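One structure is given here, and the rest of the page talks about it.
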Amino acid sequence: MADVLVIVESPAKAKTIGKYLGSKYIVKASMGHIRDLPKSQIGVEVENEFNPKYITIRGKGSILKELKDARKKVKKVYLAADPDREGEAIAWHLAHALDLDQTEECRVVFNEITKQAVKDAFKTPRKINMDLVNAQQARRILDRLVGYKISPLLWKKVKKGLSAGRVQSVAVKIIMDRENEISDFEATEYWSITAKLGIRDSVFEAKFHKFNGEKKELHQESDVQEILDAIKNSAFTVKEVKEKERQRHPSAPFTTSSLQQEAARKLGFRAAKTMSVAQQLYEGVELGKEGTVGLITYMRTDSTRVSVTAQDEAKELIIGKYGDKYLPETPRQYSKKAANAQDAHEAIRPTSILREPEMVKEYMSRDQFRLYKLVWERFISSQMSSAVLDTLSVDITVGTAIFRAVGSKVSFAGFMKVYVEGNDDGTTDEEKYLPPLKAGDDLIKQNIDPKQHFTQPPPRYTEARLVKTLEELGIGRPSTYAPTLETIQKRGYVAIEEKKFMPTELGELIIEQMEEFFPEILDVEFTANMEDNLDHVGEGSEDWVKVLSSFYESFEKRLLFAEEEMKEIEIEDEVSDEFCEKCGKSMVYKLGRFGKFLACSGFPDCRNTKPIVKDIGVTCPKCNEGKVVERRSKKGRVFYGCDQYPGCDFVSWDRPSIKACPDCGSWMIEKRNKQGTKLQCTSCDHTEAVEDNEELAE
């Protein structure tokens, strides 16, 4: 008979830990929280020091009964939920539900699910940390007060079904502010002049730099013409060559934020998917004869610290696999962290660096392997030598003008042999090579290309860019980024087009009301300070009731003012020129989670609805009869399909082009990135760049 009951959150975690602990232990899963605030009411006694009224979550009764029955059969219970505030709160709720003595040391935590880490954790159990529990309670109650107090007001004054959240509203406001920046942006004209030059068998490019000894901005075509006239009959000669050696240092190991950003850039993962797959890797994967093993350390962290044990293991692998010169003189430590970082756990790293991705690939799903490989490469590279790059800057005279060519080459790859961090457009830095050049070299002019440009507005937020912004502003913490992004999409406050966030009309409507009556909720500094206060509660330096009281005092006044002053907004339905095919009445535009849609004006007698489709001017490439139209999926994502559906089932996530492939005649799709737009054939390898002024499908 078992002597000890261990409770974790998930069956996968229970399976992994159970194999390490042996037959004296029963390991069961609570399936997350077993108690929470009720959904049907606010569940917080504001006048009684914000006392929360917890109830057993619907559907968890049978799980709780099973845990209580198991509790009766053992001498000792250990609570082994995840090592963060949420995990601490789960342990506390379980202790209450199972009537455990909280003065006893019943809490065990481990940063990685490996045999040694788990066994060590059970040697040093501790009491439940009530500071962490209170920090989680304070956040939960704070969000409940905001959501359950403002939402009914919006239902009454604006529209039934609207809701408001604390951190989510700030995220929507950030997206909306960026959209306003884009709308208000006024493009400015500027020009560039690029010379294609040759020497011996090499060709390279140089850009206009100076004129008559001074830097000159090319604002208009006349500025360009002045330069072209001045250098028309002049030869290109190398004036000066500057060579410099510089070092490039590796990126720190992953935090939650940087993992979500890089997985979005390199793997195309949404934040929620990244965290879901990371959870699987943390909880354990079956590795054949080795059994179930947790492959990465805990994935909710804002720390870049690394244990000495992990560094020693990395040192062994780097020397054996790459050689001594790829190991820095002293082990790398990334102690610098954001001022608001909790630094509670290590960085995200493999539990064993010796477990290389290819060695375990056969045991993992494709997504698990790709994410594990990313974590492994990022960590091993973070412990390697810096790369050495030789940079070359060449000034070239032509008449009274100077053109400049810049290039670099890697003389020692260092960490770059394993991994290079991506950019927000999903690419990595490309090198520009220059041929050997020296002062006095005469160059052959092959072409001079003047080009008109216009300044571009700031880009819309991708998930990666928004997570980075939230982190930099101190909005949210590692465990909140992914849920925040999911919530604002599910509620229909933002939509995603071409992997970028755009506010919906519904989102704009809510933010406008919030800005007028609850400006502090949308204030970035206010929200960041509140996050700091919650951190202080977790550290034991702030009282959670005082934090809530301080917030609620002014919030309650805002509520009373809004109740009296907020005007009722009547959203009149705009009549379309379409008629209901079921009853013949006019169809009207309605505002839903994912923007506008058409609904019958005869509602509720007739409940016919249909999406608004946009003709993009392309004939369907499958049936050659219908037109390709822009639609939205149930999750709000834009896709393209034939208007003859269901007669024709053509569908594409990428926008089809009006242009056919010149090589094979098949249809092409538009692919957009930071560098611009290119057309890619769907049948052969043909791709072609699209100039800024070239006409695409409208």
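Chain labels A, B, ... are given in the sequence in which chains occur in the structure tokens; within each chain residues are numbered consecutively from 1, and ligands are likewise numbered from 1 in the order shown.
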Fewer than 5 positions away in the same chain doesn't count, so skip those; otherwise give me all residues within 12 Å of Asp605 of chain A, counting only C-alpha atoms, as a CSV table (one decimal) with N, CA and C atoms, in the first residue's frame.
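And here's selection-v6.csv as it stands now:
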chain,number,residue,atom,x,y,z
A,582,LYS,N,-34.2,34.3,-47.5
A,582,LYS,CA,-35.2,33.4,-46.8
A,582,LYS,C,-36.5,34.1,-46.7
A,583,CYS,N,-36.5,35.4,-46.4
A,583,CYS,CA,-37.8,36.1,-46.2
A,583,CYS,C,-38.0,37.4,-47.0
A,585,LYS,N,-36.6,40.4,-46.7
A,585,LYS,CA,-36.4,41.7,-46.1
A,585,LYS,C,-35.0,42.1,-46.3
A,599,ALA,N,-27.1,40.6,-41.4
A,599,ALA,CA,-28.1,39.9,-40.7
A,599,ALA,C,-29.5,40.4,-41.2
A,600,CYS,N,-30.5,39.5,-41.1
A,600,CYS,CA,-31.8,39.9,-41.6
A,600,CYS,C,-32.4,40.9,-40.7
Practice problem: Tell me, as a PyMOL selection string, which residues lie within 7 Å of Ala347 of chain A, counting only C-alpha atoms; anything in the same chain fewer than 5 positions away does not count. | Solution: chain A and resi 253-255+301+303-306
Contact table segment 449-491 of chain A vs segment 171-193 of chain A, cut-off 6 Å, shortest pair per residue, only C-alpha atoms, as a tab-separated table:
residue	atom	partner	partner_atom	distance
A:Asp449	CA	A:Ile193	CA	5.6
A:Pro450	CA	A:Ile193	CA	4.3
A:Lys451	CA	A:Ser192	CA	5.4
A:Gln452	CA	A:Trp191	CA	4.6
A:His453	CA	A:Tyr190	CA	5.3
A:Phe454	CA	A:Glu189	CA	4.5
A:Thr455	CA	A:Ala187	CA	5.2
A:Pro457	CA	A:Ile182	CA	5.4
With all heavy atoms retained, could you export that selection as a PDB file, in the first residue's frame?
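Output file result13.pdb is given in full below:
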ATOM      1  N   ASP A 449      21.461  53.491 -60.445  1.00  0.00           N
ATOM      2  CA  ASP A 449      20.010  53.324 -60.275  1.00  0.00           C
ATOM      3  C   ASP A 449      19.450  54.316 -59.261  1.00  0.00           C
ATOM      4  O   ASP A 449      19.550  54.096 -58.055  1.00  0.00           O
ATOM      5  CB  ASP A 449      19.726  51.891 -59.815  1.00  0.00           C
ATOM      6  CG  ASP A 449      18.233  51.615 -59.654  1.00  0.00           C
ATOM      7  OD1 ASP A 449      17.432  52.344 -60.272  1.00  0.00           O
ATOM      8  OD2 ASP A 449      17.879  50.677 -58.911  1.00  0.00           O
ATOM      9  N   PRO A 450      18.859  55.429 -59.741  1.00  0.00           N
ATOM     10  CA  PRO A 450      18.171  56.342 -58.810  1.00  0.00           C
ATOM     11  C   PRO A 450      16.776  55.781 -58.518  1.00  0.00           C
ATOM     12  O   PRO A 450      16.102  55.282 -59.415  1.00  0.00           O
ATOM     13  CB  PRO A 450      18.092  57.645 -59.605  1.00  0.00           C
ATOM     14  CG  PRO A 450      18.086  57.222 -61.038  1.00  0.00           C
ATOM     15  CD  PRO A 450      18.848  55.929 -61.122  1.00  0.00           C
ATOM     16  N   LYS A 451      16.355  55.839 -57.268  1.00  0.00           N
ATOM     17  CA  LYS A 451      15.051  55.257 -56.933  1.00  0.00           C
ATOM     18  C   LYS A 451      14.298  56.148 -55.959  1.00  0.00           C
ATOM     19  O   LYS A 451      14.865  56.672 -54.999  1.00  0.00           O
ATOM     20  CB  LYS A 451      15.249  53.866 -56.321  1.00  0.00           C
ATOM     21  CG  LYS A 451      13.946  53.097 -56.131  1.00  0.00           C
ATOM     22  CD  LYS A 451      14.205  51.652 -55.743  1.00  0.00           C
ATOM     23  CE  LYS A 451      14.644  50.840 -56.935  1.00  0.00           C
ATOM     24  NZ  LYS A 451      14.743  49.392 -56.627  1.00  0.00           N
ATOM     25  N   GLN A 452      13.024  56.313 -56.241  1.00  0.00           N
ATOM     26  CA  GLN A 452      12.150  57.101 -55.376  1.00  0.00           C
ATOM     27  C   GLN A 452      11.584  56.215 -54.272  1.00  0.00           C
ATOM     28  O   GLN A 452      11.214  55.064 -54.495  1.00  0.00           O
ATOM     29  CB  GLN A 452      10.998  57.687 -56.196  1.00  0.00           C
ATOM     30  CG  GLN A 452      10.050  58.571 -55.403  1.00  0.00           C
ATOM     31  CD  GLN A 452       8.828  58.977 -56.222  1.00  0.00           C
ATOM     32  OE1 GLN A 452       8.324  58.182 -57.017  1.00  0.00           O
ATOM     33  NE2 GLN A 452       8.365  60.201 -56.054  1.00  0.00           N
ATOM     34  N   HIS A 453      11.544  56.754 -53.050  1.00  0.00           N
ATOM     35  CA  HIS A 453      10.981  56.035 -51.917  1.00  0.00           C
ATOM     36  C   HIS A 453      10.039  56.961 -51.158  1.00  0.00           C
ATOM     37  O   HIS A 453      10.067  58.185 -51.333  1.00  0.00           O
ATOM     38  CB  HIS A 453      12.073  55.574 -50.948  1.00  0.00           C
ATOM     39  CG  HIS A 453      13.175  54.796 -51.578  1.00  0.00           C
ATOM     40  ND1 HIS A 453      13.131  53.447 -51.766  1.00  0.00           N
ATOM     41  CD2 HIS A 453      14.376  55.209 -52.077  1.00  0.00           C
ATOM     42  CE1 HIS A 453      14.254  53.039 -52.327  1.00  0.00           C
ATOM     43  NE2 HIS A 453      15.027  54.095 -52.531  1.00  0.00           N
ATOM     44  N   PHE A 454       9.238  56.362 -50.311  1.00  0.00           N
ATOM     45  CA  PHE A 454       8.403  57.134 -49.392  1.00  0.00           C
ATOM     46  C   PHE A 454       8.539  56.514 -48.008  1.00  0.00           C
ATOM     47  O   PHE A 454       8.598  55.288 -47.865  1.00  0.00           O
ATOM     48  CB  PHE A 454       6.935  57.124 -49.833  1.00  0.00           C
ATOM     49  CG  PHE A 454       6.686  57.891 -51.101  1.00  0.00           C
ATOM     50  CD1 PHE A 454       6.714  57.253 -52.335  1.00  0.00           C
ATOM     51  CD2 PHE A 454       6.462  59.260 -51.068  1.00  0.00           C
ATOM     52  CE1 PHE A 454       6.506  57.958 -53.506  1.00  0.00           C
ATOM     53  CE2 PHE A 454       6.256  59.979 -52.226  1.00  0.00           C
ATOM     54  CZ  PHE A 454       6.280  59.331 -53.453  1.00  0.00           C
ATOM     55  N   THR A 455       8.644  57.361 -46.998  1.00  0.00           N
ATOM     56  CA  THR A 455       8.726  56.845 -45.634  1.00  0.00           C
ATOM     57  C   THR A 455       7.485  56.022 -45.323  1.00  0.00           C
ATOM     58  O   THR A 455       6.390  56.316 -45.816  1.00  0.00           O
ATOM     59  CB  THR A 455       8.855  57.989 -44.615  1.00  0.00           C
ATOM     60  OG1 THR A 455       7.782  58.924 -44.825  1.00  0.00           O
ATOM     61  CG2 THR A 455      10.180  58.706 -44.763  1.00  0.00           C
ATOM     62  N   PRO A 457       4.784  54.074 -42.580  1.00  0.00           N
ATOM     63  CA  PRO A 457       4.233  54.215 -41.224  1.00  0.00           C
ATOM     64  C   PRO A 457       4.780  53.111 -40.332  1.00  0.00           C
ATOM     65  O   PRO A 457       5.310  52.110 -40.831  1.00  0.00           O
ATOM     66  CB  PRO A 457       2.724  54.059 -41.442  1.00  0.00           C
ATOM     67  CG  PRO A 457       2.612  53.229 -42.681  1.00  0.00           C
ATOM     68  CD  PRO A 457       3.754  53.646 -43.554  1.00  0.00           C
TER      69      PRO A 457
END
Self-check item: Residue among A:His219, A:Lys590, A:Arg631, A:Lys157 lying closest to Lys614 of chain A, counting only C-alpha atoms
Solution: A:Arg631
Self-check item: All helix (DSSP H, G or I) residues (DSSP, backbone) inside segment 285-523 of chain A, as a ChimeraX atom specification
Solution: /A:288-290,308-321,324-326,357-363,366-382,414-417,463-473,481-490,505-517,519-522
Quiz item: What's the 8 Å shell around Gly18 of chain A, counting only C-alpha atoms, without same-chain residues fewer than 5 positions away, as an NGL selection string?
Solution: :A and (25-27)
For C-alpha atoms, I'd like the residues from the last selection saved as a PDB file, in the first residue's frame.
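For reference, part.pdb as written:
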ATOM      1  CA  TYR A  25       3.756   7.093  -3.892  1.00  0.00           C
ATOM      2  CA  ILE A  26       0.353   7.645  -5.535  1.00  0.00           C
ATOM      3  CA  VAL A  27       0.496  10.508  -8.024  1.00  0.00           C
TER       4      VAL A  27
END
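With only C-alpha atoms as the atoms that count, the residue of A:Cys642, A:Ala387, A:Met275, A:Val545 with the shortest distance to Asn48 of chain A is A:Val545.
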Quiz prompt | Neighbour list for segment 404-421 of chain A as number ranges by chain, cut-off 9 Å, only C-alpha atoms, skip fewer than 4 positions in-chain | solution = A: 204-210, 248-251, 262, 322, 325-327, 374, 377-378, 380-397, 427-429, 431-434
Would you write out those residues with N, CA and C atoms, as a short mmCIF file (atom, residue, chain, number, x, y, z; two decimals), in the first residue's frame?
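Result file selection.cif:
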data_model
loop_
_atom_site.label_atom_id
_atom_site.label_comp_id
_atom_site.auth_asym_id
_atom_site.auth_seq_id
_atom_site.Cartn_x
_atom_site.Cartn_y
_atom_site.Cartn_z
N PHE A 204 29.70 44.66 -57.07
CA PHE A 204 29.12 45.02 -55.77
C PHE A 204 28.39 46.35 -55.91
N GLU A 205 27.67 46.71 -54.84
CA GLU A 205 26.88 47.94 -54.86
C GLU A 205 27.42 48.96 -53.87
N ALA A 206 27.31 50.24 -54.25
CA ALA A 206 27.67 51.34 -53.36
C ALA A 206 26.56 52.37 -53.42
N LYS A 207 26.30 53.03 -52.29
CA LYS A 207 25.22 54.01 -52.23
C LYS A 207 25.77 55.42 -52.08
N PHE A 208 25.06 56.38 -52.68
CA PHE A 208 25.45 57.78 -52.57
C PHE A 208 25.55 58.18 -51.10
N HIS A 209 26.65 58.92 -50.77
CA HIS A 209 26.91 59.26 -49.37
C HIS A 209 27.09 60.77 -49.16
N LYS A 210 27.97 61.41 -49.98
CA LYS A 210 28.25 62.83 -49.80
C LYS A 210 28.36 63.55 -51.14
N ARG A 248 30.54 39.82 -32.17
CA ARG A 248 29.09 39.72 -32.01
C ARG A 248 28.83 38.68 -30.93
N HIS A 249 28.09 39.07 -29.93
CA HIS A 249 27.88 38.20 -28.77
C HIS A 249 26.57 37.42 -28.90
N PRO A 250 26.51 36.25 -28.29
CA PRO A 250 25.28 35.44 -28.38
C PRO A 250 24.14 36.04 -27.57
N SER A 251 22.93 35.66 -27.94
CA SER A 251 21.75 36.07 -27.18
C SER A 251 21.65 35.24 -25.91
N GLU A 262 10.61 34.39 -30.49
CA GLU A 262 11.43 33.65 -31.46
C GLU A 262 10.66 32.50 -32.10
N TYR A 322 32.46 20.92 -30.87
CA TYR A 322 32.92 22.03 -31.70
C TYR A 322 34.39 22.40 -31.48
N LYS A 325 38.16 26.25 -29.01
CA LYS A 325 38.07 27.67 -29.37
C LYS A 325 36.63 28.19 -29.37
N TYR A 326 35.66 27.29 -29.34
CA TYR A 326 34.25 27.70 -29.31
C TYR A 326 33.74 27.89 -27.88
N LEU A 327 34.62 27.71 -26.91
CA LEU A 327 34.25 27.89 -25.51
C LEU A 327 34.88 29.18 -24.99
N LEU A 374 14.81 24.54 -31.00
CA LEU A 374 15.00 25.98 -30.82
C LEU A 374 15.57 26.27 -29.42
N GLU A 377 19.28 24.86 -29.21
CA GLU A 377 20.25 25.67 -29.96
C GLU A 377 20.46 27.02 -29.30
N ARG A 378 19.39 27.62 -28.80
CA ARG A 378 19.52 28.92 -28.15
C ARG A 378 20.40 28.80 -26.90
N ILE A 380 22.69 26.32 -26.04
CA ILE A 380 24.09 25.95 -26.30
C ILE A 380 24.85 27.12 -26.90
N SER A 381 24.18 27.89 -27.78
CA SER A 381 24.85 29.05 -28.38
C SER A 381 25.13 30.12 -27.33
N SER A 382 24.25 30.23 -26.32
CA SER A 382 24.43 31.25 -25.29
C SER A 382 25.67 30.99 -24.44
N GLN A 383 26.20 29.76 -24.49
CA GLN A 383 27.38 29.40 -23.70
C GLN A 383 28.64 29.32 -24.56
N MET A 384 28.55 29.76 -25.81
CA MET A 384 29.68 29.65 -26.74
C MET A 384 30.42 30.97 -26.90
N SER A 385 31.55 30.91 -27.58
CA SER A 385 32.38 32.09 -27.83
C SER A 385 31.65 33.08 -28.74
N SER A 386 32.05 34.33 -28.63
CA SER A 386 31.51 35.36 -29.51
C SER A 386 32.00 35.13 -30.95
N ALA A 387 31.21 35.55 -31.90
CA ALA A 387 31.63 35.50 -33.30
C ALA A 387 32.52 36.70 -33.59
N VAL A 388 33.44 36.53 -34.54
CA VAL A 388 34.31 37.63 -34.96
C VAL A 388 34.00 37.96 -36.41
N LEU A 389 33.67 39.21 -36.67
CA LEU A 389 33.33 39.66 -38.02
C LEU A 389 34.33 40.71 -38.49
N ASP A 390 34.77 40.58 -39.72
CA ASP A 390 35.61 41.60 -40.35
C ASP A 390 34.70 42.51 -41.14
N THR A 391 34.66 43.78 -40.78
CA THR A 391 33.82 44.73 -41.49
C THR A 391 34.67 45.61 -42.39
N LEU A 392 34.10 45.99 -43.49
CA LEU A 392 34.80 46.78 -44.50
C LEU A 392 33.92 47.95 -44.89
N SER A 393 34.48 49.16 -44.80
CA SER A 393 33.76 50.37 -45.24
C SER A 393 34.62 51.03 -46.31
N VAL A 394 34.07 51.18 -47.51
CA VAL A 394 34.83 51.68 -48.65
C VAL A 394 34.20 52.97 -49.17
N ASP A 395 34.97 54.05 -49.18
CA ASP A 395 34.53 55.32 -49.78
C ASP A 395 35.07 55.40 -51.19
N ILE A 396 34.17 55.74 -52.11
CA ILE A 396 34.50 55.77 -53.54
C ILE A 396 34.20 57.15 -54.09
N THR A 397 35.18 57.78 -54.73
CA THR A 397 34.97 59.11 -55.30
C THR A 397 34.51 58.99 -56.74
N THR A 427 13.37 36.69 -40.47
CA THR A 427 14.62 36.41 -41.15
C THR A 427 15.79 36.57 -40.18
N THR A 428 16.96 36.13 -40.60
CA THR A 428 18.19 36.39 -39.86
C THR A 428 19.05 37.32 -40.69
N ASP A 429 20.02 37.96 -40.06
CA ASP A 429 20.86 38.91 -40.76
C ASP A 429 21.62 38.24 -41.90
N GLU A 431 24.77 38.53 -44.67
CA GLU A 431 26.03 39.22 -44.85
C GLU A 431 26.10 39.83 -46.25
N LYS A 432 26.79 40.95 -46.35
CA LYS A 432 27.09 41.56 -47.65
C LYS A 432 28.59 41.50 -47.84
N TYR A 433 29.00 40.74 -48.83
CA TYR A 433 30.43 40.57 -49.07
C TYR A 433 30.92 41.62 -50.06
N LEU A 434 32.15 42.06 -49.87
CA LEU A 434 32.80 42.97 -50.81
C LEU A 434 34.08 42.30 -51.32
#
Self-check item: strand (DSSP E) per DSSP on the backbone: members of segment 277-517 of chain A, as a VMD selection string
Solution: chain A and resid 285 to 286 292 to 293 387 to 398 401 to 412 442 to 454 494 to 497 500 to 503
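Interatomic distance, atom CA of Ser550 of chain A against atom CA of Ile510 of chain A: 24.9 Å.
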Quiz prompt | Polymer residues at most 10 Å from Ile63 of chain A, only C-alpha atoms, same-chain spacing of 3 or more positions, as a PyMOL selection string | solution = chain A and resi 28-31+34+59-60+66-69
Would you write out those residues with N, CA and C atoms, as a compact mmCIF listing (two decimals), in the first residue's frame?
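So out-v5.txt came out as:
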# COMPACT_ATOMS: atom_id res chain seq x y z
N LYS A 28 -1.53 11.76 -8.43
CA LYS A 28 -2.79 12.07 -9.10
C LYS A 28 -2.81 13.51 -9.59
N ALA A 29 -3.68 13.77 -10.57
CA ALA A 29 -3.77 15.11 -11.17
C ALA A 29 -5.05 15.81 -10.77
N SER A 30 -4.95 17.09 -10.44
CA SER A 30 -6.13 17.88 -10.09
C SER A 30 -6.76 18.51 -11.32
N MET A 31 -6.09 18.39 -12.47
CA MET A 31 -6.54 19.01 -13.73
C MET A 31 -6.65 20.53 -13.56
N ILE A 34 -9.08 23.58 -8.72
CA ILE A 34 -10.31 22.86 -8.34
C ILE A 34 -11.33 23.83 -7.71
N GLY A 59 -17.80 20.60 -12.74
CA GLY A 59 -17.15 19.49 -13.43
C GLY A 59 -15.97 18.92 -12.67
N LYS A 60 -15.55 19.61 -11.60
CA LYS A 60 -14.39 19.13 -10.83
C LYS A 60 -14.80 18.34 -9.58
N GLU A 66 -12.31 11.98 -5.81
CA GLU A 66 -11.25 10.99 -6.01
C GLU A 66 -10.02 11.34 -5.17
N LEU A 67 -9.69 12.63 -5.12
CA LEU A 67 -8.54 13.07 -4.33
C LEU A 67 -8.79 12.89 -2.83
N LYS A 68 -10.02 13.19 -2.40
CA LYS A 68 -10.37 13.02 -0.98
C LYS A 68 -10.32 11.54 -0.58
N ASP A 69 -10.79 10.66 -1.46
CA ASP A 69 -10.75 9.22 -1.18
C ASP A 69 -9.31 8.74 -1.08
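The residue that comes closest to Ile90 of chain A, out of A:Asp143, A:Asp36, A:Glu49, A:Glu565 and on the basis of only C-alpha atoms, is A:Asp36.
Between Phe369 of chain A and the candidates A:Leu281, A:Leu162, A:Val398, A:Leu37, the tightest atom-to-atom separation, counting only C-alpha atoms, involves A:Leu281.
For the set A:Pro357, A:Gly665, A:Gly422, A:Gly584, the residue with the smallest atom-to-atom gap to Ser683 of chain A is A:Gly665, counting only C-alpha atoms.
Nearest residue to Asp101 of chain A among A:Ser554, A:Ile448, A:Lys76, A:His536 is A:Lys76, counting only C-alpha atoms.
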Self-check item: For Gly507 of chain A: contacts at 12 Å, only C-alpha atoms, fewer than 3 positions along chain excluded, given as a PyMOL selection string
Solution: chain A and resi 162-165+168-177+179+488-495+501-504+510-514+591-595
Quiz item: atom CA of Gly323 of chain A to atom CA of Ala263 of chain A: how many Å, to one decimal?
Solution: 28.8 Å
Practice problem: Would you list the contacts of Glu572 of chain A as a list in words, taking every protein, DNA or RNA residue within 12 Å and counting only C-alpha atoms, but skipping same-chain residues closer than 5 positions in sequence? | Solution: Val158, Lys159, Val588, Tyr589, Lys590, Leu591 and Ser601 of chain A
Practice problem: Could you please determine the separation between atom CA of Trp544 of chain A and atom CA of Pro38 of chain A in Å, to one decimal place? | Solution: 20.7 Å
